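Source file: final-v2.txt; contents: compact mmCIF, C-alpha atoms.
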# COMPACT_ATOMS: atom_id res chain seq x y z
CA MET A 165 -38.59 75.39 -9.71
CA SER A 166 -41.54 77.08 -11.37
CA SER A 167 -44.96 75.42 -11.52
CA ASP A 168 -44.72 74.78 -15.26
CA ALA A 169 -41.50 72.78 -14.96
CA ASP A 170 -41.17 69.16 -16.07
CA PHE A 171 -39.49 66.82 -13.66
CA LEU A 172 -38.09 63.51 -14.91
CA HIS A 173 -36.27 60.60 -13.35
CA ILE A 174 -33.21 59.25 -15.17
CA ARG A 175 -32.75 55.56 -14.37
CA GLY A 176 -32.12 53.91 -17.74
CA SER A 177 -31.24 54.66 -21.35
CA GLN A 178 -34.95 54.97 -22.26
CA ASP A 179 -35.15 57.89 -19.83
CA ILE A 180 -32.52 59.75 -21.87
CA VAL A 181 -34.92 59.49 -24.83
CA ALA A 182 -37.76 60.76 -22.61
CA VAL A 183 -35.67 63.79 -21.56
CA ARG A 184 -34.91 64.55 -25.22
CA GLN A 185 -38.61 64.38 -26.10
CA VAL A 186 -39.66 66.72 -23.29
CA VAL A 187 -36.92 69.24 -24.11
CA ARG A 188 -37.85 69.13 -27.80
CA ALA A 189 -41.55 69.73 -27.04
CA ARG A 190 -40.72 72.64 -24.71
CA ALA A 191 -38.28 74.26 -27.14
CA MET A 192 -40.88 74.00 -29.93
CA GLU A 193 -43.56 75.63 -27.72
CA LEU A 194 -41.13 78.47 -27.06
CA GLY A 195 -40.65 79.03 -30.78
CA PHE A 196 -36.99 77.99 -30.97
CA SER A 197 -35.48 77.71 -34.46
CA LEU A 198 -34.82 74.20 -35.77
CA VAL A 199 -31.06 74.59 -35.24
CA ASN A 200 -31.57 75.78 -31.66
CA ILE A 201 -34.02 72.96 -30.95
CA THR A 202 -31.45 70.48 -32.25
CA LYS A 203 -28.67 72.05 -30.15
CA VAL A 204 -30.64 72.14 -26.91
CA VAL A 205 -31.95 68.57 -27.35
CA THR A 206 -28.43 67.32 -28.10
CA ALA A 207 -27.05 69.08 -25.00
CA ALA A 208 -29.85 67.54 -22.92
CA SER A 209 -29.02 64.10 -24.28
CA GLU A 210 -25.35 64.45 -23.32
CA LEU A 211 -26.10 65.64 -19.80
CA ALA A 212 -28.85 63.09 -19.18
CA ARG A 213 -26.41 60.35 -20.16
CA ASN A 214 -23.78 61.77 -17.80
CA THR A 215 -26.37 61.72 -15.00
CA LEU A 216 -27.09 58.07 -15.78
CA ILE A 217 -23.56 56.78 -16.35
CA HIS A 218 -21.47 58.89 -13.99
CA GLY A 219 -24.08 59.81 -11.40
CA GLY A 220 -25.71 56.39 -11.26
CA GLY A 221 -29.03 58.00 -12.19
CA GLY A 222 -30.76 61.13 -11.00
CA THR A 223 -33.26 63.70 -12.12
CA ALA A 224 -33.79 66.29 -14.84
CA THR A 225 -35.84 69.46 -14.49
CA VAL A 226 -36.88 71.33 -17.62
CA GLU A 227 -38.44 74.78 -17.32
CA PRO A 228 -39.14 77.81 -19.46
CA ILE A 229 -37.33 81.03 -18.56
CA ARG A 230 -38.14 84.60 -19.46
CA GLU A 231 -36.25 87.86 -19.61
CA PRO A 232 -37.34 91.12 -21.19
CA GLY A 233 -37.45 90.50 -24.92
CA LYS A 234 -36.42 86.87 -24.85
CA ARG A 235 -37.58 83.40 -23.92
CA GLY A 236 -35.51 80.39 -23.21
CA ILE A 237 -35.27 77.01 -21.57
CA ARG A 238 -33.39 75.95 -18.47
CA MET A 239 -32.44 72.37 -17.66
CA THR A 240 -31.05 71.09 -14.41
CA PHE A 241 -29.49 67.64 -14.07
CA ASP A 242 -29.01 66.39 -10.58
CA ASP A 243 -27.41 63.24 -9.22
CA LYS A 244 -26.23 61.90 -5.88
CA GLY A 245 -23.32 60.04 -7.44
CA PRO A 246 -19.60 60.09 -6.60
CA GLY A 247 -19.11 63.70 -7.77
CA ILE A 248 -16.33 65.09 -9.94
CA ALA A 249 -12.88 65.33 -8.34
CA ASP A 250 -11.26 67.50 -11.00
CA ILE A 251 -13.80 69.72 -12.73
CA THR A 252 -11.22 71.38 -14.99
CA ARG A 253 -10.19 68.00 -16.39
CA ALA A 254 -13.79 66.83 -16.67
CA MET A 255 -14.53 69.90 -18.80
CA THR A 256 -11.66 69.18 -21.19
CA ASP A 257 -12.50 67.85 -24.65
CA GLY A 258 -11.51 64.21 -24.90
CA PHE A 259 -11.18 63.56 -21.18
CA THR A 260 -13.26 60.53 -20.24
CA THR A 261 -13.55 58.13 -17.34
CA ALA A 262 -16.18 55.96 -18.98
CA GLY A 263 -14.61 55.02 -22.32
CA GLY A 264 -16.70 57.56 -24.21
CA LEU A 265 -15.57 60.39 -26.43
CA GLY A 266 -15.18 62.85 -23.57
CA LEU A 267 -17.41 65.42 -25.22
CA GLY A 268 -20.44 65.31 -22.94
CA LEU A 269 -19.78 68.23 -20.59
CA SER A 270 -17.62 70.38 -22.85
CA GLY A 271 -19.88 69.78 -25.86
CA ALA A 272 -23.08 70.54 -23.93
CA LYS A 273 -21.52 73.78 -22.71
CA ARG A 274 -20.68 74.85 -26.27
CA LEU A 275 -24.24 74.14 -27.40
CA CYS A 276 -25.85 76.34 -24.74
CA ASP A 277 -25.72 79.99 -23.61
CA GLU A 278 -25.28 79.51 -19.87
CA PHE A 279 -23.64 76.65 -18.06
CA CYS A 280 -23.19 76.06 -14.35
CA LEU A 281 -21.60 72.96 -12.83
CA LYS A 282 -21.52 72.19 -9.12
CA SER A 283 -20.02 69.02 -7.81
CA ALA A 284 -18.62 67.68 -4.55
CA VAL A 285 -16.88 64.35 -4.14
CA GLY A 286 -19.17 61.92 -2.33
CA THR A 287 -22.18 64.22 -2.57
CA GLY A 288 -23.15 64.44 -6.21
CA THR A 289 -23.25 66.70 -9.22
CA THR A 290 -25.63 69.36 -10.49
CA VAL A 291 -25.38 70.78 -13.99
CA MET A 292 -27.60 73.66 -15.00
CA ILE A 293 -27.72 74.92 -18.58
CA SER A 294 -29.85 77.56 -20.29
CA LYS A 295 -30.45 78.38 -23.89
CA TRP A 296 -32.28 81.38 -25.28
CA GLY A 297 -34.47 80.81 -28.31
CA MET B 90 -40.05 40.06 -24.05
CA SER B 91 -38.97 40.42 -27.65
CA VAL B 92 -35.74 42.27 -28.31
CA GLU B 93 -36.17 45.59 -30.08
CA ARG B 94 -34.08 45.76 -33.25
CA ILE B 95 -33.43 48.03 -36.19
CA PRO B 96 -33.94 46.07 -39.45
CA ILE B 97 -31.01 45.45 -41.79
CA LEU B 98 -31.91 44.98 -45.46
CA LYS B 99 -29.64 43.25 -47.97
CA MET B 100 -29.54 44.64 -51.52
CA GLY B 101 -27.00 42.77 -53.60
CA SER B 102 -23.66 43.25 -51.88
CA THR B 103 -24.89 46.23 -49.84
CA LEU B 104 -26.57 46.27 -46.45
CA LEU B 105 -29.11 49.05 -45.98
CA VAL B 106 -30.09 50.35 -42.57
CA SER B 107 -32.64 53.10 -42.18
CA ILE B 108 -32.92 54.33 -38.61
CA GLN B 109 -36.53 55.40 -38.09
CA VAL B 110 -36.75 55.54 -34.31
CA ASP B 111 -35.44 57.84 -31.58
CA MET B 112 -32.59 55.53 -30.66
CA HIS B 113 -31.80 54.78 -27.07
CA ASP B 114 -28.28 53.67 -26.24
CA GLN B 115 -28.98 49.93 -25.96
CA LEU B 116 -30.60 49.94 -29.37
CA ALA B 117 -27.54 51.66 -30.86
CA LEU B 118 -25.24 49.01 -29.36
CA GLN B 119 -27.55 46.25 -30.64
CA LEU B 120 -27.41 47.70 -34.15
CA GLN B 121 -23.62 47.80 -34.01
CA ASP B 122 -23.50 44.09 -33.09
CA ASP B 123 -26.19 43.02 -35.57
CA LEU B 124 -24.58 44.89 -38.44
CA THR B 125 -21.15 43.43 -37.77
CA ASP B 126 -22.66 39.93 -37.70
CA ARG B 127 -24.53 40.52 -40.95
CA ILE B 128 -21.45 41.86 -42.76
CA ALA B 129 -19.51 38.77 -41.72
CA ALA B 130 -22.35 36.38 -42.58
CA THR B 131 -23.18 37.88 -46.01
CA GLY B 132 -19.78 39.10 -47.15
CA ALA B 133 -21.37 42.48 -47.90
CA ARG B 134 -19.02 45.04 -49.43
CA GLY B 135 -20.99 48.14 -48.56
CA VAL B 136 -23.08 49.50 -45.70
CA LEU B 137 -25.54 52.32 -46.25
CA LEU B 138 -26.76 53.99 -43.07
CA ASP B 139 -29.73 56.27 -43.60
CA ILE B 140 -30.02 58.71 -40.70
CA SER B 141 -32.44 61.15 -42.37
CA ALA B 142 -35.07 60.46 -39.69
CA LEU B 143 -32.68 61.17 -36.80
CA GLU B 144 -33.51 64.48 -35.14
CA ILE B 145 -30.23 64.53 -33.23
CA VAL B 146 -26.87 62.80 -33.30
CA ASP B 147 -25.19 63.10 -29.93
CA SER B 148 -21.74 61.83 -28.98
CA PHE B 149 -23.06 58.33 -28.26
CA ILE B 150 -24.70 57.94 -31.66
CA GLY B 151 -21.67 59.60 -33.27
CA ARG B 152 -19.46 57.00 -31.66
CA MET B 153 -21.78 54.24 -32.89
CA LEU B 154 -21.43 55.55 -36.46
CA SER B 155 -17.64 55.60 -36.14
CA ASN B 156 -17.60 52.11 -34.62
CA ILE B 157 -19.75 50.70 -37.41
CA ALA B 158 -17.55 52.30 -40.09
CA GLY B 159 -14.42 50.98 -38.35
CA MET B 160 -15.70 47.43 -37.91
CA ALA B 161 -17.05 47.34 -41.47
CA ARG B 162 -13.66 48.48 -42.75
CA VAL B 163 -11.92 45.63 -40.93
CA LEU B 164 -14.44 43.25 -42.52
CA ASP B 165 -13.67 44.72 -45.98
CA ALA B 166 -16.87 46.73 -46.35
CA ASP B 167 -17.29 50.45 -46.97
CA THR B 168 -19.75 52.52 -44.98
CA VAL B 169 -21.61 55.57 -46.22
CA VAL B 170 -23.79 57.60 -43.86
CA VAL B 171 -26.57 59.32 -45.78
CA GLY B 172 -29.26 61.91 -45.19
CA MET B 173 -27.93 63.83 -42.22
CA ARG B 174 -30.17 66.83 -41.54
CA PRO B 175 -28.44 70.23 -41.82
CA ALA B 176 -29.37 71.19 -38.23
CA VAL B 177 -27.86 67.91 -37.04
CA ALA B 178 -24.65 68.58 -38.96
CA ILE B 179 -24.33 72.09 -37.47
CA THR B 180 -24.91 70.75 -33.97
CA LEU B 181 -22.50 67.83 -34.37
CA VAL B 182 -19.62 70.07 -35.35
CA GLU B 183 -20.31 72.49 -32.50
CA LEU B 184 -20.49 69.54 -30.13
CA GLY B 185 -16.95 68.69 -31.25
CA LEU B 186 -17.61 65.73 -33.53
CA SER B 187 -16.66 65.84 -37.18
CA LEU B 188 -16.98 62.08 -37.77
CA PRO B 189 -13.46 61.57 -39.17
CA GLY B 190 -13.14 58.56 -41.43
CA ILE B 191 -16.85 58.39 -42.17
CA ARG B 192 -17.99 58.87 -45.72
CA THR B 193 -21.23 60.73 -46.18
CA ALA B 194 -23.69 61.42 -48.97
CA VAL B 195 -26.74 63.67 -49.07
CA ASN B 196 -29.20 60.87 -49.84
CA VAL B 197 -29.52 57.11 -50.38
CA GLU B 198 -29.17 57.44 -54.16
CA LYS B 199 -25.86 59.32 -53.92
CA GLY B 200 -24.70 56.86 -51.28
CA ILE B 201 -25.37 53.92 -53.60
CA ASP B 202 -23.45 55.75 -56.37
CA LEU B 203 -20.52 56.19 -54.02
CA LEU B 204 -20.46 52.49 -53.11
CA ALA B 205 -20.90 51.47 -56.75
CA ALA B 206 -18.01 53.70 -57.83
CA ARG B 207 -15.79 51.93 -55.35
CA GLY B 208 -16.79 48.53 -56.71
CA LEU B 209 -16.04 49.52 -60.32
CA ASP B 210 -12.69 51.03 -59.50
CA ASP B 211 -11.76 47.95 -57.50
CA ARG B 212 -12.23 45.82 -60.59
CA ASP B 213 -10.00 48.20 -62.52
CA GLY B 214 -7.33 47.66 -59.93
CA ASN B 215 -7.27 51.26 -58.76
CA ASN B 216 -6.38 52.25 -55.25
CA ARG B 217 -9.65 51.93 -53.35
CA ASP B 218 -8.55 54.31 -50.65
CA VAL B 219 -8.83 57.31 -52.92
CA VAL B 220 -12.07 56.28 -54.55
CA GLY B 221 -15.21 58.27 -53.86
CA ARG B 222 -13.56 61.05 -51.93
In structure tokens, what does this structure look like?
Amino acid sequence: MSSDADFLHIRGSQDIVAVRQVVRARAMELGFSLVNITKVVTAASELARNTLIHGGGGTATVEPIREPGKRGIRMTFDDKGPGIADITRAMTDGFTTAGGLGLGLSGAKRLCDEFCLKSAVGTGTTVMISKWG
Amino acid sequence: MSVERIPILKMGSTLLVSIQVDMHDQLALQLQDDLTDRIAATGARGVLLDISALEIVDSFIGRMLSNIAGMARVLDADTVVVGMRPAVAITLVELGLSLPGIRTAVNVEKGIDLLAARGLDDRDGNNRDVVGR
């Protein structure tokens, strides 16, 4: 984690709003277009809610990333919840264990450029996504 | 502690809701309940939901919009969602949500026209299901 990263706890639905606000502010600083700001904030909202509902709460880290000629944002959502037993199913549109629409993971992946999911049953789940501006 | 609520305004036989806050999930659920109660209590025939101030619509808020339209329909009221920002529309579709069964209009004025057209055609005995599409 770089020194200019934001670190947030996700314990309630107000914290999802806080994550959205931080991601929005960071994406604006980085000069993201309005559509890309909207996409990255929406993806953050989906993943923060997953952390809360499926992971029983956790943390979000938001940091700027840089590569030659481009700037972006990386977000990492971490929980110590029950983990995901079948990642392939969890990534399928419409698959839900919480009565939702089943679009959280798959939708967030579509809205971003890079997506990495690590999960172990009984240990927790980490989702890392990046979007270039 | 007072309960946070989104105001519901009654204009004739239409209920008008303008969402002006960054909605957390509990607030969305509260609105769903309040609106259903108000439709039943007032016999409103139309619901106008102004989301022009919403910077994102994620799957949770999308589901709330669908739920409201569905419950209003059962209570014999039509719902029109107005003012969705273009960046929000682009993001919603990429997320995987196309809001089936929800009527939309670009602004409040067009939304009122849509609801009014339904009312007129109802009196003429036309099939309401095809009105305003």
Worksheet item: Using only C-alpha atoms, which residue out of B:Val195, B:Val169, B:Ala117, B:Val163 lies closest to chain A?
Response: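 Of B:Val195, B:Val169, B:Ala117, B:Val163, the one nearest chain A, counting only C-alpha atoms, is B:Ala117.
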Item to complete: Would you give me, as an NGL selection string, the residues of chain A that come within 10 Å of chain B, using only C-alpha atoms?
Response: :A and (176-182 or 184-185 or 188 or 197-210 or 213 or 257-258 or 264-275)
Provide an axis-aligned box for all listed atoms of range 139-155 of chain B, padding each side by 4 Å; report its centre and its edge lengths in Å to one decimal, as AutoDock Vina command-line options.
--center_x -26.4 --center_y 59.4 --center_z -35.9 --size_x 25.4 --size_y 18.3 --size_z 23.3
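For the atom pair formed by CA of Ala130 in chain B and CA of Glu198 in chain B, the distance is 25.0 Å, given to one decimal.
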Practice prompt. May I ask for the distance between CA of Leu204 in chain B and CA of Gly135 in chain B, given in Å to one decimal place?
Written response: 6.3 Å
Practice prompt. Choose the residue, out of B:Leu118, B:Val136, B:Ile191, B:Ile108, that has the smallest atom-to-atom separation from Ala166 in chain B; count only C-alpha atoms.
Written response: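 Answer, going by the shortest atom-to-atom distance: B:Val136.
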Worksheet item: To one decimal place, how far is CA of Thr260 in chain A from CA of Gly219 in chain A in Å?
Response: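 Separation of CA of Thr260 in chain A and CA of Gly219 in chain A: 14.0 Å.
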Practice prompt. Considering only C-alpha atoms, state which residue in the set A:Ala189, A:Cys280, A:Ala212, A:Ala254 is at the smallest distance from Ala224 in chain A.
Written response: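 Checking each candidate against Ala224 in chain A, we get A:Ala212 as the closest.
Of the residues under consideration (A:Glu227, A:Pro246, A:Gly221, A:Val186), A:Pro246 shows the shortest atom-to-atom contact distance to Gly286 in chain A when counting all atoms listed in the file.
Ranking A:His173, A:His218, A:Arg230, A:Lys295 by their shortest atom-to-atom distance to Gly245 in chain A, with only C-alpha atoms included, puts A:His218 first.
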